[in-house]
Amino acid sequence: MNRRGGINQTSILAIDDEEGFLSFLRMALESEGYTVHVASDPCEALKFYAERGREVGMVLLDFVLPKMSADTVFDELQLLNPDVRVVLLTACDDFVAERMFKRGLRGYLQKPFDLQDLAQRVRHAIDSPVGSVTLPPARDLSADMIE
């Protein structure tokens, strides 16, 4: 969809409080052709999205953040854009993702994950039609996890 001549034209906002992990995400996704904006502070991320959200095709959101919960960040992103495409990244139990799927979450990856799975989830979140939400099977997200 957002490719021209094999080059991806989609921009991603990655929100995580671990700078090293943000660097990893940026490197991995830029190698896939994406433009990646990073924010280690949720307030900074929301400000960026408020100002430049039209440029952002999807958001990668860590569940454990300082200053503000991922639930709150997700709610604020949805206030700015009800069709925001968010994939949750977490080392927490899968129940947190199930709760957010009911509110419009586009995807979920349990840390640690491999690059191929990351690329597939990002592509799926970007390509899925606006307003579509794919709910995972109840209490069975284990197929999505990389051991």
# chains A, B, ... in the order shown; residues from 1 in each chain; ligands from 1
call {"tool": "residues_around", "arguments": {"residues": "region 44-57 of chain A", "least_positions_apart": "3", "cutoff": "12 Å", "atoms": "only C-alpha atoms", "output": "JSON, numbers by chain"}}
result
{"A": [1, 2, 8, 9, 10, 11, 12, 13, 14, 15, 16, 17, 34, 35, 36, 37, 38, 39, 40, 41, 60, 61, 62, 65, 66, 67, 68, 70, 72, 73, 74, 75, 76, 77, 78, 79, 80, 81, 82, 83, 84, 85, 86, 87, 122, 123, 124, 125, 126, 127, 128, 130]}
call {"tool": "select_by_dssp", "arguments": {"residues": "region 2-119 of chain A", "states": "strand (DSSP E or B)", "output": "ChimeraX atom specification"}}
result
/A:3-4,7-8,11-15,35-39,56-62,86-90,107-110
call {"tool": "atom_distance", "arguments": {"atom1": "CA of Asp114 (chain A)", "atom2": "CA of Leu29 (chain A)"}}
result
12.1 Å
call {"tool": "select_by_dssp", "arguments": {"residues": "chain A", "states": "alpha helix (DSSP H)", "output": "VMD selection string"}}
result
chain A and resid 19 to 30 42 to 52 70 to 80 95 to 101 115 to 127
call {"tool": "write_last_selection", "arguments": {"atoms": "N, CA and C atoms", "output": "compact mmCIF listing (two decimals), in the first residue's frame"}}
result
# COMPACT_ATOMS: atom_id res chain seq x y z
N GLU A 19 16.21 3.23 26.14
CA GLU A 19 16.89 3.84 24.98
C GLU A 19 17.54 2.79 24.08
N GLY A 20 18.15 1.77 24.68
CA GLY A 20 18.79 0.72 23.89
C GLY A 20 17.79 -0.04 23.04
N PHE A 21 16.62 -0.30 23.61
CA PHE A 21 15.58 -1.00 22.87
C PHE A 21 15.04 -0.12 21.74
N LEU A 22 14.90 1.18 22.01
CA LEU A 22 14.47 2.09 20.95
C LEU A 22 15.47 2.11 19.79
N SER A 23 16.75 2.08 20.11
CA SER A 23 17.78 2.04 19.07
C SER A 23 17.66 0.77 18.24
N PHE A 24 17.41 -0.36 18.93
CA PHE A 24 17.21 -1.64 18.25
C PHE A 24 16.00 -1.56 17.31
N LEU A 25 14.87 -1.03 17.81
CA LEU A 25 13.67 -0.91 16.98
C LEU A 25 13.93 -0.03 15.77
N ARG A 26 14.58 1.10 16.00
CA ARG A 26 14.87 2.02 14.89
C ARG A 26 15.72 1.33 13.82
N MET A 27 16.80 0.68 14.24
CA MET A 27 17.69 0.02 13.31
C MET A 27 16.95 -1.08 12.54
N ALA A 28 16.20 -1.90 13.26
CA ALA A 28 15.50 -3.03 12.63
C ALA A 28 14.46 -2.54 11.63
N LEU A 29 13.67 -1.55 12.01
CA LEU A 29 12.59 -1.10 11.13
C LEU A 29 13.09 -0.21 10.00
N GLU A 30 14.14 0.55 10.24
CA GLU A 30 14.72 1.33 9.13
C GLU A 30 15.31 0.39 8.09
N PRO A 42 6.53 9.16 27.56
CA PRO A 42 5.19 9.13 26.97
C PRO A 42 4.60 10.52 26.70
N CYS A 43 4.92 11.49 27.52
CA CYS A 43 4.42 12.85 27.28
C CYS A 43 5.02 13.42 26.00
N GLU A 44 6.31 13.18 25.80
CA GLU A 44 6.99 13.60 24.57
C GLU A 44 6.37 12.91 23.35
N ALA A 45 6.05 11.63 23.50
CA ALA A 45 5.44 10.88 22.40
C ALA A 45 4.07 11.45 22.04
N LEU A 46 3.27 11.76 23.04
CA LEU A 46 1.94 12.31 22.78
C LEU A 46 2.03 13.69 22.13
N LYS A 47 3.00 14.47 22.55
CA LYS A 47 3.19 15.79 21.94
C LYS A 47 3.59 15.62 20.47
N PHE A 48 4.50 14.70 20.21
CA PHE A 48 4.91 14.44 18.82
C PHE A 48 3.71 14.00 18.00
N TYR A 49 2.91 13.08 18.54
CA TYR A 49 1.76 12.56 17.78
C TYR A 49 0.72 13.65 17.55
N ALA A 50 0.54 14.52 18.53
CA ALA A 50 -0.42 15.62 18.36
C ALA A 50 0.02 16.55 17.24
N GLU A 51 1.32 16.76 17.13
CA GLU A 51 1.85 17.68 16.12
C GLU A 51 2.02 17.02 14.74
N ARG A 52 2.40 15.73 14.73
CA ARG A 52 2.77 15.10 13.47
C ARG A 52 2.11 13.76 13.22
N ALA A 70 0.60 2.62 29.86
CA ALA A 70 0.35 2.38 28.44
C ALA A 70 -1.14 2.52 28.14
N ASP A 71 -1.99 2.11 29.07
CA ASP A 71 -3.44 2.27 28.88
C ASP A 71 -3.79 3.74 28.66
N THR A 72 -3.19 4.61 29.48
CA THR A 72 -3.46 6.05 29.36
C THR A 72 -2.90 6.60 28.06
N VAL A 73 -1.70 6.20 27.70
CA VAL A 73 -1.11 6.65 26.43
C VAL A 73 -2.00 6.20 25.27
N PHE A 74 -2.45 4.96 25.30
CA PHE A 74 -3.33 4.43 24.26
C PHE A 74 -4.62 5.25 24.17
N ASP A 75 -5.21 5.55 25.32
CA ASP A 75 -6.44 6.37 25.33
C ASP A 75 -6.19 7.75 24.74
N GLU A 76 -5.07 8.36 25.10
CA GLU A 76 -4.74 9.70 24.59
C GLU A 76 -4.48 9.67 23.09
N LEU A 77 -3.81 8.63 22.61
CA LEU A 77 -3.59 8.50 21.17
C LEU A 77 -4.93 8.37 20.44
N GLN A 78 -5.85 7.61 21.02
CA GLN A 78 -7.16 7.44 20.40
C GLN A 78 -7.98 8.73 20.42
N LEU A 79 -7.77 9.56 21.43
CA LEU A 79 -8.45 10.86 21.43
C LEU A 79 -7.93 11.74 20.30
N LEU A 80 -6.63 11.65 20.03
CA LEU A 80 -6.03 12.42 18.94
C LEU A 80 -6.42 11.86 17.58
N PHE A 95 -2.78 -11.02 29.41
CA PHE A 95 -4.08 -10.44 29.75
C PHE A 95 -4.11 -8.94 29.51
N VAL A 96 -2.98 -8.25 29.61
CA VAL A 96 -2.97 -6.81 29.36
C VAL A 96 -3.30 -6.51 27.90
N ALA A 97 -2.81 -7.35 27.01
CA ALA A 97 -3.11 -7.15 25.59
C ALA A 97 -4.57 -7.46 25.29
N GLU A 98 -5.11 -8.51 25.89
CA GLU A 98 -6.52 -8.87 25.66
C GLU A 98 -7.43 -7.71 26.01
N ARG A 99 -7.17 -7.07 27.11
CA ARG A 99 -7.98 -5.93 27.56
C ARG A 99 -7.92 -4.79 26.54
N MET A 100 -6.73 -4.53 26.01
CA MET A 100 -6.56 -3.43 25.06
C MET A 100 -7.09 -3.78 23.66
N PHE A 101 -7.09 -5.07 23.29
CA PHE A 101 -7.66 -5.47 22.00
C PHE A 101 -9.12 -5.06 21.92
N LEU A 115 12.99 -10.41 14.76
CA LEU A 115 12.79 -9.34 13.78
C LEU A 115 11.73 -9.67 12.74
N GLN A 116 11.65 -10.91 12.34
CA GLN A 116 10.65 -11.30 11.34
C GLN A 116 9.24 -11.11 11.91
N ASP A 117 9.04 -11.48 13.16
CA ASP A 117 7.73 -11.32 13.78
C ASP A 117 7.39 -9.84 13.92
N LEU A 118 8.37 -9.03 14.31
CA LEU A 118 8.17 -7.59 14.42
C LEU A 118 7.74 -7.01 13.07
N ALA A 119 8.47 -7.35 12.03
CA ALA A 119 8.16 -6.83 10.69
C ALA A 119 6.77 -7.26 10.24
N GLN A 120 6.39 -8.49 10.52
CA GLN A 120 5.06 -8.97 10.14
C GLN A 120 3.97 -8.24 10.90
N ARG A 121 4.14 -8.02 12.20
CA ARG A 121 3.12 -7.32 12.98
C ARG A 121 2.97 -5.88 12.54
N VAL A 122 4.09 -5.24 12.26
CA VAL A 122 4.04 -3.85 11.80
C VAL A 122 3.31 -3.78 10.46
N ARG A 123 3.68 -4.65 9.54
CA ARG A 123 3.03 -4.65 8.22
C ARG A 123 1.53 -4.92 8.36
N HIS A 124 1.15 -5.87 9.19
CA HIS A 124 -0.27 -6.19 9.39
C HIS A 124 -1.02 -5.00 9.97
N ALA A 125 -0.43 -4.33 10.96
CA ALA A 125 -1.09 -3.17 11.57
C ALA A 125 -1.28 -2.06 10.56
N ILE A 126 -0.30 -1.86 9.71
CA ILE A 126 -0.38 -0.79 8.71
C ILE A 126 -1.39 -1.15 7.61
N ASP A 127 -1.40 -2.40 7.18
CA ASP A 127 -2.24 -2.81 6.06
C ASP A 127 -3.69 -3.11 6.43
call {"tool": "atom_distance", "arguments": {"atom1": "CA of Leu89 (chain A)", "atom2": "CA of Val64 (chain A)"}}
result
9.0 Å
call {"tool": "closest_residue", "arguments": {"among": "A:Val59, A:Asp94, A:Ser69, A:Leu88", "to": "Gly107 (chain A)", "atoms": "only C-alpha atoms"}}
result
A:Leu88
call {"tool": "decode", "arguments": {"residues": "region 97-115 of chain A", "atoms": "C-alpha atoms", "output": "PDB file, in the first residue's frame"}}
result
ATOM      1  CA  ALA A  97      -3.114  -7.150  25.585  1.00  0.00           C
ATOM      2  CA  GLU A  98      -6.516  -8.873  25.661  1.00  0.00           C
ATOM      3  CA  ARG A  99      -7.983  -5.934  27.559  1.00  0.00           C
ATOM      4  CA  MET A 100      -6.559  -3.433  25.057  1.00  0.00           C
ATOM      5  CA  PHE A 101      -7.656  -5.466  21.997  1.00  0.00           C
ATOM      6  CA  LYS A 102     -11.236  -4.804  23.046  1.00  0.00           C
ATOM      7  CA  ARG A 103     -10.483  -1.075  22.768  1.00  0.00           C
ATOM      8  CA  GLY A 104      -8.873  -1.136  19.303  1.00  0.00           C
ATOM      9  CA  LEU A 105      -5.332  -2.459  19.730  1.00  0.00           C
ATOM     10  CA  ARG A 106      -4.019  -3.690  16.340  1.00  0.00           C
ATOM     11  CA  GLY A 107      -1.405  -6.154  17.534  1.00  0.00           C
ATOM     12  CA  TYR A 108       0.683  -7.539  20.357  1.00  0.00           C
ATOM     13  CA  LEU A 109       4.235  -8.798  20.664  1.00  0.00           C
ATOM     14  CA  GLN A 110       5.651 -10.331  23.801  1.00  0.00           C
ATOM     15  CA  LYS A 111       9.279  -9.460  24.494  1.00  0.00           C
ATOM     16  CA  PRO A 112      11.630 -10.928  23.498  1.00  0.00           C
ATOM     17  CA  PHE A 113      10.589 -11.332  19.864  1.00  0.00           C
ATOM     18  CA  ASP A 114      12.415 -11.840  16.598  1.00  0.00           C
ATOM     19  CA  LEU A 115      12.792  -9.337  13.784  1.00  0.00           C
TER      20      LEU A 115
END
